[in-house]
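query19.cif, holding mmCIF, C-alpha atoms:
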data_data
loop_
_atom_site.group_PDB
_atom_site.id
_atom_site.type_symbol
_atom_site.label_atom_id
_atom_site.label_comp_id
_atom_site.auth_asym_id
_atom_site.auth_seq_id
_atom_site.Cartn_x
_atom_site.Cartn_y
_atom_site.Cartn_z
ATOM 1 C CA MET P 1 -115.463 157.358 -79.411
ATOM 2 C CA LYS P 2 -115.208 154.737 -82.138
ATOM 3 C CA LEU P 3 -114.783 151.142 -80.996
ATOM 4 C CA ALA P 4 -111.873 150.813 -83.451
ATOM 5 C CA THR P 5 -109.884 153.213 -81.235
ATOM 6 C CA PHE P 6 -109.250 150.323 -78.833
ATOM 7 C CA PHE P 7 -107.566 148.194 -81.521
ATOM 8 C CA PRO P 8 -105.021 150.362 -83.389
ATOM 9 C CA TYR P 9 -102.565 147.478 -83.893
ATOM 10 C CA ARG P 10 -105.055 144.853 -85.008
ATOM 11 C CA ASN P 11 -103.603 144.519 -88.499
ATOM 12 C CA ASP P 12 -99.883 144.968 -87.819
ATOM 13 C CA ALA P 13 -98.985 141.259 -87.897
ATOM 14 C CA ARG P 14 -100.816 140.934 -91.205
ATOM 15 C CA LYS P 15 -98.349 143.379 -92.794
ATOM 16 C CA ILE P 16 -95.711 140.681 -92.358
ATOM 17 C CA LEU P 17 -97.891 137.581 -92.581
ATOM 18 C CA ILE P 18 -99.719 138.222 -95.866
ATOM 19 C CA PRO P 19 -96.548 138.780 -97.962
ATOM 20 C CA TYR P 20 -95.059 135.703 -96.277
ATOM 21 C CA LEU P 21 -98.102 133.579 -97.135
ATOM 22 C CA ASN P 22 -98.024 134.831 -100.723
ATOM 23 C CA GLN P 23 -94.528 133.408 -101.224
ATOM 24 C CA LEU P 24 -95.260 129.918 -99.838
ATOM 25 C CA THR P 25 -95.556 126.977 -102.192
ATOM 26 C CA GLU P 26 -98.688 124.853 -102.113
ATOM 27 C CA ALA P 27 -96.660 122.069 -100.479
ATOM 28 C CA GLN P 28 -95.633 124.474 -97.697
ATOM 29 C CA TRP P 29 -99.246 125.602 -97.180
ATOM 30 C CA TYR P 30 -100.329 121.996 -96.603
ATOM 31 C CA ALA P 31 -97.195 120.608 -94.891
ATOM 32 C CA ARG P 32 -97.868 118.678 -91.677
ATOM 33 C CA HIS P 33 -95.466 117.477 -89.025
ATOM 34 C CA PRO P 34 -95.974 114.662 -86.494
ATOM 35 C CA ASP P 35 -95.441 117.157 -83.652
ATOM 36 C CA HIS P 36 -98.248 119.506 -84.760
ATOM 37 C CA PRO P 37 -101.684 118.421 -85.984
ATOM 38 C CA ASN P 38 -102.423 121.294 -88.385
ATOM 39 C CA SER P 39 -101.087 122.859 -91.565
ATOM 40 C CA ILE P 40 -100.674 126.559 -92.301
ATOM 41 C CA ALA P 41 -103.662 126.276 -94.647
ATOM 42 C CA TRP P 42 -105.806 124.918 -91.819
ATOM 43 C CA ILE P 43 -104.666 127.673 -89.430
ATOM 44 C CA VAL P 44 -105.341 130.554 -91.861
ATOM 45 C CA GLU P 45 -108.758 129.184 -92.805
ATOM 46 C CA HIS P 46 -109.563 128.643 -89.117
ATOM 47 C CA ILE P 47 -108.675 132.262 -88.310
ATOM 48 C CA ALA P 48 -110.892 133.555 -91.127
ATOM 49 C CA ARG P 49 -113.861 131.313 -90.365
ATOM 50 C CA SER P 50 -113.646 132.033 -86.623
ATOM 51 C CA GLU P 51 -113.634 135.772 -87.252
ATOM 52 C CA ASP P 52 -116.600 135.408 -89.583
ATOM 53 C CA GLU P 53 -118.543 133.369 -87.016
ATOM 54 C CA TRP P 54 -117.781 135.576 -83.999
ATOM 55 C CA ILE P 55 -118.292 138.946 -85.702
ATOM 56 C CA ASN P 56 -121.005 138.315 -88.246
ATOM 57 C CA VAL P 57 -123.050 135.494 -86.747
ATOM 58 C CA ILE P 58 -122.630 135.819 -82.988
ATOM 59 C CA ALA P 59 -122.094 139.555 -82.473
ATOM 60 C CA LEU P 60 -124.018 141.104 -85.360
ATOM 61 C CA LYS P 61 -126.635 138.358 -85.868
ATOM 62 C CA GLU P 62 -126.000 138.349 -89.617
ATOM 63 C CA GLU P 63 -125.211 135.631 -92.123
ATOM 64 C CA ARG P 64 -121.835 133.966 -92.431
ATOM 65 C CA ARG P 65 -119.849 135.550 -95.254
ATOM 66 C CA LEU P 66 -117.504 132.618 -95.863
ATOM 67 C CA LYS P 67 -119.469 129.784 -97.376
ATOM 68 C CA GLY P 68 -118.360 126.699 -99.196
ATOM 69 C CA VAL P 69 -115.061 124.915 -99.457
ATOM 70 C CA LEU P 70 -111.799 126.816 -99.698
ATOM 71 C CA ASP P 71 -109.616 124.324 -101.530
ATOM 72 C CA HIS P 72 -106.641 126.327 -102.737
ATOM 73 C CA PRO P 73 -104.119 128.493 -100.858
ATOM 74 C CA GLN P 74 -105.067 131.627 -102.815
ATOM 75 C CA GLN P 75 -108.760 131.123 -101.947
ATOM 76 C CA ILE P 76 -107.879 130.694 -98.286
ATOM 77 C CA LEU P 77 -105.641 133.759 -98.283
ATOM 78 C CA GLN P 78 -108.257 135.858 -100.076
ATOM 79 C CA ALA P 79 -110.925 134.780 -97.567
ATOM 80 C CA TYR P 80 -108.550 135.735 -94.729
ATOM 81 C CA ILE P 81 -108.039 139.193 -96.271
ATOM 82 C CA ASP P 82 -111.701 139.715 -97.217
ATOM 83 C CA ILE P 83 -113.137 138.823 -93.830
ATOM 84 C CA ARG P 84 -110.808 141.290 -92.087
ATOM 85 C CA ASN P 85 -111.705 144.027 -94.565
ATOM 86 C CA HIS P 86 -115.358 143.395 -93.735
ATOM 87 C CA THR P 87 -114.618 143.319 -89.987
ATOM 88 C CA ASP P 88 -112.675 146.577 -90.222
ATOM 89 C CA LEU P 89 -115.599 148.273 -91.978
ATOM 90 C CA LYS P 90 -118.016 147.103 -89.290
ATOM 91 C CA LEU P 91 -115.644 148.006 -86.452
ATOM 92 C CA SER P 92 -114.924 151.484 -87.854
ATOM 93 C CA ALA P 93 -118.642 152.272 -87.914
ATOM 94 C CA MET P 94 -119.293 151.250 -84.285
ATOM 95 C CA GLU P 95 -119.314 153.567 -81.310
ATOM 96 C CA TYR P 96 -117.968 152.440 -77.951
ATOM 97 C CA ASP P 97 -120.574 152.265 -75.207
ATOM 98 C CA GLU P 98 -119.185 151.572 -71.743
ATOM 99 C CA HIS P 99 -122.651 150.426 -70.660
ATOM 100 C CA GLU P 100 -123.284 148.101 -73.567
ATOM 101 C CA PRO P 101 -125.037 144.861 -72.673
ATOM 102 C CA ALA P 102 -123.379 141.496 -73.050
ATOM 103 C CA VAL P 103 -123.895 139.706 -76.347
ATOM 104 C CA GLN P 104 -125.863 136.487 -76.094
ATOM 105 C CA LEU P 105 -123.497 133.641 -76.934
ATOM 106 C CA PRO P 106 -124.413 130.190 -78.173
ATOM 107 C CA HIS P 107 -123.838 127.241 -75.867
ATOM 108 C CA PHE P 108 -120.506 125.675 -76.710
ATOM 109 C CA SER P 109 -120.372 121.872 -76.792
ATOM 110 C CA ASP P 110 -117.251 121.772 -74.616
ATOM 111 C CA GLY P 111 -118.891 123.932 -71.938
ATOM 112 C CA TRP P 112 -116.572 126.911 -72.534
ATOM 113 C CA GLU P 113 -117.762 130.250 -71.197
ATOM 114 C CA PRO P 114 -116.036 133.613 -71.562
ATOM 115 C CA PRO P 115 -114.020 134.868 -68.592
ATOM 116 C CA SER P 116 -115.916 138.183 -68.570
ATOM 117 C CA PRO P 117 -119.177 139.509 -70.033
ATOM 118 C CA PRO P 118 -118.970 139.186 -73.819
ATOM 119 C CA THR P 119 -119.596 142.767 -74.918
ATOM 120 C CA LEU P 120 -118.828 143.857 -78.490
ATOM 121 C CA ARG P 121 -115.480 145.185 -77.279
ATOM 122 C CA TRP P 122 -114.733 141.827 -75.653
ATOM 123 C CA ILE P 123 -115.639 139.949 -78.852
ATOM 124 C CA PHE P 124 -113.353 142.074 -81.019
ATOM 125 C CA HIS P 125 -110.557 141.697 -78.476
ATOM 126 C CA HIS P 126 -111.155 137.927 -78.441
ATOM 127 C CA ILE P 127 -110.928 137.703 -82.245
ATOM 128 C CA PHE P 128 -107.739 139.747 -82.504
ATOM 129 C CA ASP P 129 -106.134 137.829 -79.626
ATOM 130 C CA HIS P 130 -107.207 134.517 -81.206
ATOM 131 C CA GLU P 131 -105.570 135.533 -84.473
ATOM 132 C CA SER P 132 -102.296 136.453 -82.721
ATOM 133 C CA TYR P 133 -102.170 133.061 -81.033
ATOM 134 C CA HIS P 134 -102.635 131.210 -84.301
ATOM 135 C CA ILE P 135 -100.207 133.433 -86.229
ATOM 136 C CA GLY P 136 -97.575 132.282 -83.750
ATOM 137 C CA GLN P 137 -98.447 128.691 -84.649
ATOM 138 C CA ILE P 138 -97.714 129.437 -88.308
ATOM 139 C CA GLY P 139 -94.087 130.118 -87.431
ATOM 140 C CA VAL P 140 -93.913 126.907 -85.413
ATOM 141 C CA ILE P 141 -95.459 124.847 -88.226
ATOM 142 C CA ALA P 142 -93.052 126.309 -90.804
ATOM 143 C CA ARG P 143 -89.981 125.630 -88.708
ATOM 144 C CA LEU P 144 -91.117 122.107 -87.769
ATOM 145 C CA ASN P 145 -91.457 121.390 -91.477
ATOM 146 C CA GLY P 146 -87.989 122.744 -92.288
ATOM 147 C CA PHE P 147 -88.736 126.072 -93.918
ATOM 148 C CA ASP P 148 -88.500 129.665 -92.723
ATOM 149 C CA GLY P 149 -91.380 131.182 -90.831
ATOM 150 C CA PRO P 150 -92.612 134.771 -91.012
ATOM 151 C CA LEU P 151 -90.179 137.405 -89.726
ATOM 152 C CA PHE P 152 -91.822 138.344 -86.462
#
The structure given in the file should be rewritten as structure tokens.
Amino acid sequence: MKLATFFPYRNDARKILIPYLNQLTEAQWYARHPDHPNSIAWIVEHIARSEDEWINVIALKEERRLKGVLDHPQQILQAYIDIRNHTDLKLSAMEYDEHEPAVQLPHFSDGWEPPSPPTLRWIFHHIFDHESYHIGQIGVIARLNGFDGPLF
């Protein structure tokens, strides 16, 4: 069985989010509010860079794909799209192994450790769950700054 079988809904929120992000102005991408420390631009770049780090560097022991500064909303959005396309290709090629060993994780400076053995399945679940959490923040950031959030 393909590992992707466990994550059939992984891109559903993106079907709403990407068109929403495409219609934002640059000011909306970078808007900050005193009640939330980050902008939508920061959140989207964080999602993309986290996925790149967890999938490519930690799980697959490959090079980071996202290098350099992303200094424009369209660059950030394209990186967000490109990294998921790459992740989907990798995920679609992987077979699920119920006896797979845990992936060796780096030591995190804050002492964080995963709640269960970090298998490949766990890592993909972690990335997709992480994205969902931060997508919710995008709606909060938009509304705090006085403009409509995505329709989910």
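Distances from P:Leu105, P:Ile83, P:Met1, P:Ile135 to Leu151 of chain P were compared using only C-alpha atoms, and the smallest one belongs to P:Ile135.
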| said: Just checking: using only C-alpha atoms, which residue out of P:Ile18, P:Leu91, P:Ala31, P:Ile40 ends up closest to Phe124 of chain P? | reply: P:Leu91
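Those DNA, RNA and protein residues that approach the point (-121.7, 140.8, -73.5) to within 7 Å, considering all atoms listed in the file, are Pro101, Ala102, Val103, Gln104, Pro117, Pro118, Thr119 and Leu120 of chain P.
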If you keep C-alpha atoms, can you produce a file of those selected residues as a compact mmCIF listing (two decimals), keeping the file's coordinate frame?
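Contents of out-v3.txt, as written:
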# COMPACT_ATOMS: atom_id res chain seq x y z
CA PRO P 101 -125.04 144.86 -72.67
CA ALA P 102 -123.38 141.50 -73.05
CA VAL P 103 -123.90 139.71 -76.35
CA GLN P 104 -125.86 136.49 -76.09
CA PRO P 117 -119.18 139.51 -70.03
CA PRO P 118 -118.97 139.19 -73.82
CA THR P 119 -119.60 142.77 -74.92
CA LEU P 120 -118.83 143.86 -78.49
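Coordinates place atom CA of Ile141 of chain P at a distance of 27.5 Å from atom CA of Arg65 of chain P.
The residue that comes closest to Asp12 of chain P, out of P:Gln74, P:Gln137, P:Ser92, P:Ser132 and on the basis of only C-alpha atoms, is P:Ser132.
Atom CA of Phe128 of chain P lies 8.5 Å from atom CA of Phe7 of chain P.
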Taking the file as shown, what set of residues would the PyMOL selection byres ((chain P and resi 125) around 12) give back, as a PDB file with C-alpha atoms, keeping the file's coordinate frame?
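Written output follows (result05.pdb):
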ATOM      1  CA  LEU P   3    -114.783 151.142 -80.996  1.00  0.00           C
ATOM      2  CA  ALA P   4    -111.873 150.813 -83.451  1.00  0.00           C
ATOM      3  CA  THR P   5    -109.884 153.213 -81.235  1.00  0.00           C
ATOM      4  CA  PHE P   6    -109.250 150.323 -78.833  1.00  0.00           C
ATOM      5  CA  PHE P   7    -107.566 148.194 -81.521  1.00  0.00           C
ATOM      6  CA  PRO P   8    -105.021 150.362 -83.389  1.00  0.00           C
ATOM      7  CA  TYR P   9    -102.565 147.478 -83.893  1.00  0.00           C
ATOM      8  CA  ARG P  10    -105.055 144.853 -85.008  1.00  0.00           C
ATOM      9  CA  GLU P  51    -113.634 135.772 -87.252  1.00  0.00           C
ATOM     10  CA  TRP P  54    -117.781 135.576 -83.999  1.00  0.00           C
ATOM     11  CA  ILE P  55    -118.292 138.946 -85.702  1.00  0.00           C
ATOM     12  CA  LEU P  91    -115.644 148.006 -86.452  1.00  0.00           C
ATOM     13  CA  PRO P 114    -116.036 133.613 -71.562  1.00  0.00           C
ATOM     14  CA  SER P 116    -115.916 138.183 -68.570  1.00  0.00           C
ATOM     15  CA  PRO P 118    -118.970 139.186 -73.819  1.00  0.00           C
ATOM     16  CA  THR P 119    -119.596 142.767 -74.918  1.00  0.00           C
ATOM     17  CA  LEU P 120    -118.828 143.857 -78.490  1.00  0.00           C
ATOM     18  CA  ARG P 121    -115.480 145.185 -77.279  1.00  0.00           C
ATOM     19  CA  TRP P 122    -114.733 141.827 -75.653  1.00  0.00           C
ATOM     20  CA  ILE P 123    -115.639 139.949 -78.852  1.00  0.00           C
ATOM     21  CA  PHE P 124    -113.353 142.074 -81.019  1.00  0.00           C
ATOM     22  CA  HIS P 126    -111.155 137.927 -78.441  1.00  0.00           C
ATOM     23  CA  ILE P 127    -110.928 137.703 -82.245  1.00  0.00           C
ATOM     24  CA  PHE P 128    -107.739 139.747 -82.504  1.00  0.00           C
ATOM     25  CA  ASP P 129    -106.134 137.829 -79.626  1.00  0.00           C
ATOM     26  CA  HIS P 130    -107.207 134.517 -81.206  1.00  0.00           C
ATOM     27  CA  GLU P 131    -105.570 135.533 -84.473  1.00  0.00           C
ATOM     28  CA  SER P 132    -102.296 136.453 -82.721  1.00  0.00           C
TER      29      SER P 132
END
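Going from atom CA of Arg143 of chain P to atom CA of Asn85 of chain P covers 29.1 Å.
Compared by their closest atoms to Asp82 of chain P, and using only C-alpha atoms, the residues P:Asn22, P:Leu66, P:Ser39, P:Lys15 rank with P:Leu66 nearest.
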